[in-house]
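Undergrad: You'll find structure32.csv just under this line, and it carries CSV, C-alpha atoms and all ligand atoms.
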```
chain,number,residue,atom,x,y,z
A,1,MET,CA,-52.2,56.6,2.6
A,2,LYS,CA,-50.6,59.1,5.0
A,3,GLU,CA,-48.6,60.7,2.2
A,4,GLU,CA,-51.8,61.4,0.2
A,5,VAL,CA,-53.7,62.9,3.2
A,6,GLU,CA,-50.8,65.1,4.2
A,7,MET,CA,-50.6,66.6,0.7
A,8,ILE,CA,-54.3,67.5,0.8
A,9,ILE,CA,-54.2,68.8,4.4
A,10,SER,CA,-51.3,71.1,3.5
A,11,GLN,CA,-53.5,72.8,0.9
A,12,MET,CA,-56.7,73.1,3.0
A,13,ASP,CA,-58.1,76.1,4.8
A,14,HIS,CA,-60.2,76.5,7.9
A,15,VAL,CA,-59.3,72.9,9.1
A,16,THR,CA,-61.0,71.5,12.1
A,17,GLU,CA,-60.0,68.1,13.5
A,18,SER,CA,-62.1,65.5,15.2
A,19,THR,CA,-61.6,61.8,16.1
A,20,LYS,CA,-64.3,59.2,16.1
A,21,ALA,CA,-63.8,55.5,16.7
A,22,GLY,CA,-60.1,56.1,16.5
A,23,ILE,CA,-60.2,57.7,13.0
A,24,LEU,CA,-59.0,61.3,12.6
A,25,TYR,CA,-61.2,63.5,10.3
A,26,ARG,CA,-60.1,66.9,9.0
A,27,GLU,CA,-62.9,69.1,7.8
A,28,GLY,CA,-62.2,72.3,5.8
A,29,THR,CA,-62.0,73.8,2.4
A,30,PHE,CA,-59.8,72.5,-0.4
A,31,ARG,CA,-59.8,74.4,-3.7
A,32,ASN,CA,-62.9,76.3,-2.4
A,33,LYS,CA,-64.9,73.1,-1.8
A,34,GLN,CA,-66.0,71.8,1.5
A,35,VAL,CA,-64.2,68.5,2.2
A,36,VAL,CA,-63.6,65.9,4.9
A,37,VAL,CA,-60.2,64.1,4.6
A,38,CYS,CA,-59.3,60.9,6.5
A,39,MET,CA,-57.5,57.6,6.4
A,40,THR,CA,-59.8,54.6,6.8
A,41,GLY,CA,-57.1,52.3,8.1
A,42,VAL,CA,-56.6,48.8,6.6
A,43,GLY,CA,-59.5,46.4,5.9
A,44,LYS,CA,-63.2,46.3,5.3
A,45,VAL,CA,-64.3,47.0,8.8
A,46,ASN,CA,-62.2,50.1,9.2
A,47,ALA,CA,-63.4,51.3,5.8
A,48,ALA,CA,-67.1,50.6,6.5
A,49,VAL,CA,-67.0,52.4,9.9
A,50,CYS,CA,-65.2,55.4,8.3
A,51,THR,CA,-67.6,55.6,5.4
A,52,GLN,CA,-70.6,55.4,7.7
A,53,GLN,CA,-69.1,58.3,9.8
A,54,LEU,CA,-68.4,60.4,6.7
A,55,ILE,CA,-72.0,60.0,5.5
A,56,GLU,CA,-73.9,60.1,8.8
A,57,THR,CA,-71.8,62.4,11.0
A,58,PHE,CA,-70.2,64.7,8.4
A,59,GLY,CA,-73.0,64.6,5.8
A,60,VAL,CA,-70.8,64.1,2.7
A,61,ASP,CA,-72.5,63.9,-0.6
A,62,ALA,CA,-69.8,62.0,-2.4
A,63,VAL,CA,-66.9,59.8,-1.5
A,64,LEU,CA,-63.5,59.7,-3.4
A,65,PHE,CA,-61.4,56.8,-2.2
A,66,THR,CA,-57.7,56.6,-3.2
A,67,GLY,CA,-54.9,54.2,-2.4
A,68,VAL,CA,-52.8,51.3,-3.8
A,69,ALA,CA,-53.8,47.9,-5.0
A,70,GLY,CA,-52.4,44.7,-6.5
A,71,ALA,CA,-52.9,44.4,-10.3
A,72,LEU,CA,-54.9,41.4,-11.6
A,73,ASP,CA,-55.3,42.6,-15.2
A,74,PRO,CA,-52.1,41.4,-16.9
A,75,ALA,CA,-52.0,44.5,-19.0
A,76,LEU,CA,-51.4,46.6,-15.9
A,77,GLU,CA,-47.9,47.6,-14.8
A,78,ILE,CA,-46.7,48.9,-11.4
A,79,GLY,CA,-47.8,52.5,-11.1
A,80,ASP,CA,-50.8,52.2,-13.5
A,81,ILE,CA,-54.2,53.3,-12.2
A,82,VAL,CA,-57.5,51.5,-12.0
A,83,VAL,CA,-60.7,53.6,-11.7
A,84,SER,CA,-63.5,51.5,-10.3
A,85,THR,CA,-66.6,50.9,-12.5
A,86,GLU,CA,-67.8,48.7,-9.6
A,87,CYS,CA,-66.6,46.9,-6.5
A,88,MET,CA,-67.1,43.4,-5.1
A,89,GLN,CA,-66.0,41.4,-2.0
A,90,HIS,CA,-63.8,38.5,-3.2
A,91,ASP,CA,-63.7,37.0,0.3
A,92,MET,CA,-67.5,36.8,0.6
A,93,ASP,CA,-67.7,33.0,0.3
A,94,VAL,CA,-71.0,31.2,0.9
A,95,THR,CA,-70.3,28.6,-1.8
A,96,PRO,CA,-71.1,25.7,0.6
A,97,LEU,CA,-74.7,26.9,0.6
A,98,GLY,CA,-74.8,27.2,-3.2
A,99,PHE,CA,-74.1,30.9,-3.6
A,100,LYS,CA,-71.4,31.9,-6.1
A,101,ARG,CA,-68.2,33.4,-4.7
A,102,GLY,CA,-68.6,37.1,-4.0
A,103,ILE,CA,-72.3,36.9,-3.6
A,104,ILE,CA,-73.8,38.2,-0.4
A,105,PRO,CA,-76.7,36.0,0.4
A,106,TYR,CA,-80.3,37.2,0.7
A,107,GLN,CA,-79.7,40.7,-0.6
A,108,GLU,CA,-80.4,42.1,-4.0
A,109,ASN,CA,-77.0,43.3,-4.9
A,110,SER,CA,-73.4,42.2,-4.3
A,111,ILE,CA,-71.7,44.3,-7.0
A,112,PHE,CA,-71.7,47.9,-6.1
A,113,ALA,CA,-71.6,50.3,-9.1
A,114,ALA,CA,-69.5,53.4,-8.9
A,115,ASP,CA,-71.1,56.7,-9.8
A,116,ALA,CA,-70.9,57.1,-13.6
A,117,ASP,CA,-70.2,60.9,-13.4
A,118,LEU,CA,-67.4,60.4,-10.8
A,119,VAL,CA,-65.9,57.6,-12.9
A,120,LYS,CA,-65.9,59.8,-16.0
A,121,LEU,CA,-64.4,62.7,-14.0
A,122,ALA,CA,-61.7,60.4,-12.5
A,123,LYS,CA,-60.8,59.0,-15.9
A,124,ALA,CA,-60.6,62.4,-17.5
A,125,SER,CA,-58.3,63.7,-14.7
A,126,CYS,CA,-56.1,60.6,-15.0
A,127,ASP,CA,-55.9,61.1,-18.8
A,128,LYS,CA,-55.0,64.7,-18.4
A,129,LEU,CA,-52.4,64.5,-15.6
A,130,PHE,CA,-51.1,60.9,-15.5
A,131,SER,CA,-48.5,59.7,-18.1
A,132,GLY,CA,-49.1,55.9,-17.3
A,133,ARG,CA,-52.0,53.7,-18.1
A,134,ALA,CA,-55.4,54.4,-16.4
A,135,VAL,CA,-58.1,51.8,-17.0
A,136,LEU,CA,-61.7,51.4,-15.8
A,137,GLY,CA,-62.5,48.1,-14.1
A,138,ARG,CA,-63.9,46.0,-11.3
A,139,VAL,CA,-62.2,46.5,-8.0
A,140,LEU,CA,-62.1,43.4,-5.7
A,141,SER,CA,-61.7,43.7,-2.0
A,142,GLY,CA,-61.1,41.3,0.8
A,143,ASP,CA,-59.4,41.1,4.2
A,144,GLN,CA,-56.3,39.5,2.7
A,145,PHE,CA,-53.1,40.7,1.2
A,146,ILE,CA,-52.9,38.6,-2.0
A,147,ALA,CA,-49.5,37.3,-3.0
A,148,SER,CA,-50.2,34.2,-5.0
A,149,PRO,CA,-50.3,33.6,-8.8
A,150,ASP,CA,-53.1,30.9,-8.2
A,151,VAL,CA,-55.3,33.4,-6.3
A,152,VAL,CA,-54.6,36.0,-9.0
A,153,ARG,CA,-55.8,33.6,-11.7
A,154,MET,CA,-59.0,32.8,-9.7
A,155,LEU,CA,-59.8,36.4,-9.0
A,156,ARG,CA,-59.2,37.3,-12.6
A,157,GLN,CA,-61.1,34.4,-14.2
A,158,ASP,CA,-63.9,33.8,-11.8
A,159,LEU,CA,-64.5,37.4,-10.5
A,160,GLU,CA,-63.2,39.4,-13.4
A,161,GLY,CA,-61.2,41.8,-11.2
A,162,ALA,CA,-58.9,44.5,-12.6
A,163,CYS,CA,-57.2,44.9,-9.2
A,164,VAL,CA,-57.4,43.7,-5.6
A,165,GLU,CA,-57.2,45.6,-2.4
A,166,MET,CA,-58.7,45.6,1.1
A,167,GLU,CA,-61.2,48.4,1.5
A,168,GLY,CA,-63.0,49.6,-1.7
A,169,SER,CA,-66.0,47.3,-1.6
A,170,ALA,CA,-66.7,48.2,2.0
A,171,VAL,CA,-66.8,51.8,1.1
A,172,ALA,CA,-68.9,51.0,-2.0
A,173,GLN,CA,-71.4,48.9,0.0
A,174,VAL,CA,-71.9,51.6,2.7
A,175,CYS,CA,-72.3,54.2,0.0
A,176,ALA,CA,-74.8,52.1,-1.8
A,177,MET,CA,-76.8,51.6,1.4
A,178,HIS,CA,-77.1,55.3,1.7
A,179,GLN,CA,-77.3,56.1,-2.0
A,180,ILE,CA,-74.2,58.2,-1.9
A,181,PRO,CA,-72.0,58.4,-5.1
A,182,TYR,CA,-68.5,57.0,-4.8
A,183,VAL,CA,-65.5,56.2,-6.9
A,184,VAL,CA,-62.3,54.3,-6.0
A,185,ILE,CA,-59.0,55.2,-7.7
A,186,ARG,CA,-56.1,52.8,-7.1
A,187,SER,CA,-52.5,52.9,-8.1
A,188,MET,CA,-50.9,49.5,-8.7
A,189,SER,CA,-48.2,48.8,-6.2
A,190,ASP,CA,-47.7,45.1,-7.0
A,191,LYS,CA,-49.1,42.3,-9.1
A,192,ALA,CA,-50.6,40.4,-6.2
A,193,ASP,CA,-48.4,37.3,-7.1
A,194,GLY,CA,-45.7,37.6,-4.5
A,195,SER,CA,-43.1,39.1,-6.9
A,196,ALA,CA,-41.5,42.1,-5.1
A,197,ASP,CA,-39.6,44.2,-7.6
A,198,VAL,CA,-40.4,47.7,-6.5
A,199,SER,CA,-39.2,49.9,-3.6
A,200,TYR,CA,-42.4,50.4,-1.7
A,201,ALA,CA,-41.3,53.7,-0.1
A,202,GLU,CA,-40.3,55.1,-3.4
A,203,PHE,CA,-43.5,53.8,-5.0
A,204,THR,CA,-45.9,55.3,-2.4
A,205,LYS,CA,-44.3,58.7,-2.8
A,206,LEU,CA,-45.0,58.6,-6.5
A,207,ALA,CA,-48.5,57.1,-6.2
A,208,ALA,CA,-49.4,59.7,-3.5
A,209,GLN,CA,-48.3,62.5,-5.8
A,210,ASN,CA,-50.3,61.1,-8.7
A,211,SER,CA,-53.4,60.5,-6.6
A,212,TYR,CA,-53.1,64.0,-5.0
A,213,SER,CA,-53.1,65.6,-8.5
A,214,ILE,CA,-56.0,63.6,-9.6
A,215,VAL,CA,-58.1,64.3,-6.5
A,216,GLU,CA,-57.3,68.0,-6.8
A,217,ASP,CA,-58.3,68.1,-10.4
A,218,MET,CA,-61.6,66.2,-9.6
A,219,VAL,CA,-62.5,68.5,-6.7
A,220,GLN,CA,-62.0,71.5,-8.8
A,221,ALA,CA,-64.3,70.1,-11.5
A,222,ILE,CA,-67.1,68.8,-9.2
B,1,LIG,N1,-53.0,46.5,-1.7
B,1,LIG,C1,-51.9,46.6,-2.4
B,1,LIG,N2,-51.5,45.4,-2.9
B,1,LIG,C2,-52.4,44.5,-2.5
B,1,LIG,C3,-52.5,43.1,-2.6
B,1,LIG,N3,-51.6,42.4,-3.3
B,1,LIG,N4,-53.5,42.5,-2.0
B,1,LIG,C4,-54.4,43.2,-1.2
B,1,LIG,N5,-54.3,44.5,-1.0
B,1,LIG,C5,-53.3,45.2,-1.7
```
What would you get if you wrote out this structure as structure tokens?
Ligand code: ADE

TA:
Amino acid sequence: MKEEVEMIISQMDHVTESTKAGILYREGTFRNKQVVVCMTGVGKVNAAVCTQQLIETFGVDAVLFTGVAGALDPALEIGDIVVSTECMQHDMDVTPLGFKRGIIPYQENSIFAADADLVKLAKASCDKLFSGRAVLGRVLSGDQFIASPDVVRMLRQDLEGACVEMEGSAVAQVCAMHQIPYVVIRSMSDKADGSADVSYAEFTKLAAQNSYSIVEDMVQAI
């Protein structure tokens, strides 16, 4: 989110900016570590292009991805955090050819494991700095904003998702293709069921502050 990026940029030194394929990248140092900060934009294609650039053009050796998601795990409340153990595309649907939902045909893997050390680090930072609930779980991604109790039930029961969003699995798949470690950290902005009981503007400010503190703590520890 813009709010998250702006908080990091304001604390970076030696910033150089470049734009590639319409995405603005800021390189510099943050807490004495070399970083590249950017916003992927919405959806899997934007996230995939951005991640490929981060790896190929900027040579990053790890990817931390933050943002908001819809909660699928009924134990999660608005504002709680999911740290990815793995990511999967819920809209990959080749069921007419006999593949299970989420399975990408003719390749070894469709569920992309997050890096165990980054997961541990993210959870430790959440537990240290965040007063709400932070859980580990499977992040589901698709090019759809989910707002239906029936879809929530299916994503929870069939695909065992903890939360649903629109980018993480694309980031995860590109990282896996290059063997680059990644973790996704998502703040729950809604319950993906169409119930709107939170002020989005107010929520994003709070979520951005939380994810900034977590990323800062992780970068210092890496
Ligand atoms: N990001 C935040 N909430 C979401 C939802 N319900 N579906 C998809 N992406 C989201």

Undergrad: Rank nothing, just name the residue among A:Gln220, A:Thr16, A:Gln107, A:Ser189 nearest to Val82 in chain A, using all atoms listed in the file.

TA: A:Ser189

Undergrad: Have a look at A:Thr19, A:Gln173, A:Ser211, A:Gln157 and name the one nearest to Ala122 in chain A; count all atoms listed in the file.

TA: A:Ser211

Undergrad: List as JSON lines every residue of range 138-201 of chain A that is in contact with range 43-60 of chain A, defined as an atom at most 6 Å from one of its atoms (using all atoms listed in the file), together with the nearest atom pair and the distance in Å rounded to one decimal, sorted by chain and then rising number.

TA:
```
{"residue": "A:Asp143", "atom": "CA", "partner": "A:Gly43", "partner_atom": "CA", "distance": 5.6}
{"residue": "A:Met166", "atom": "CA", "partner": "A:Gly43", "partner_atom": "CA", "distance": 4.9}
{"residue": "A:Glu167", "atom": "CA", "partner": "A:Lys44", "partner_atom": "CA", "distance": 4.8}
{"residue": "A:Ala170", "atom": "CA", "partner": "A:Ala48", "partner_atom": "CA", "distance": 5.1}
{"residue": "A:Val171", "atom": "CA", "partner": "A:Ala48", "partner_atom": "CA", "distance": 5.5}
```

Undergrad: Ranking A:Phe145, A:Phe30, A:Tyr106, A:Phe65 by minimum distance to ligand LIG 1 (chain B) and counting all atoms listed in the file, which one comes first?

TA: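 Ranked by minimum distance to ligand LIG 1 (chain B), first place goes to A:Phe145.
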
Undergrad: Mind listing the residues within 10 Å of ligand LIG 1 (chain B), all atoms listed in the file counted, as a VMD selection string?

TA: chain A and resid 42 to 43 67 to 72 140 to 148 152 163 to 167 186 to 195

Undergrad: So, counting all atoms listed in the file, which residue among A:Leu159, A:Leu206, A:Val139, A:Ala221 is closest to Lys100 in chain A?

TA: A:Leu159

Undergrad: Would you kindly return, as a PDB file with C-alpha atoms, in the coordinates of the input, each protein, DNA or RNA residue with an atom no farther than 10 Å from any atom of Asp61 in chain A, considering only C-alpha atoms and excluding same-chain residues fewer than 4 positions away?

TA:
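This went into selection21.pdb:
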```
ATOM      1  CA  VAL A  35     -64.200  68.500   2.200  1.00  0.00           C
ATOM      2  CA  LEU A  54     -68.400  60.400   6.700  1.00  0.00           C
ATOM      3  CA  ILE A  55     -72.000  60.000   5.500  1.00  0.00           C
ATOM      4  CA  CYS A 175     -72.300  54.200   0.000  1.00  0.00           C
ATOM      5  CA  GLN A 179     -77.300  56.100  -2.000  1.00  0.00           C
ATOM      6  CA  ILE A 180     -74.200  58.200  -1.900  1.00  0.00           C
ATOM      7  CA  PRO A 181     -72.000  58.400  -5.100  1.00  0.00           C
ATOM      8  CA  TYR A 182     -68.500  57.000  -4.800  1.00  0.00           C
TER       9      TYR A 182
END
```

Undergrad: To one decimal place, how far is CA of Ala124 in chain A from CA of Ile78 in chain A in Å?

TA: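 A separation of 20.3 Å between them.
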
Undergrad: What separation in Å, quoted to one decimal, exists between CA of Pro105 in chain A and CA of Ala21 in chain A?

TA: 28.5 Å

Undergrad: With only C-alpha atoms as the atoms that count, which of A:Lys2, A:Arg153, A:Lys123, A:Arg138 lies nearest to Gln89 in chain A?

TA: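 Looking at the shortest contact to Gln89 in chain A, the residue is A:Arg138.
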
Undergrad: Tell me, in Å to one decimal, how far CA of Gln11 in chain A is from CA of Gly79 in chain A.

TA: 24.3 Å

Undergrad: Under the rule that all atoms listed in the file are counted, which of A:Thr66, A:Thr29, A:Thr204, A:Ser169 is the nearest residue to Glu86 in chain A?

TA: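 Using all atoms listed in the file, the shortest distance to Glu86 in chain A belongs to A:Ser169.
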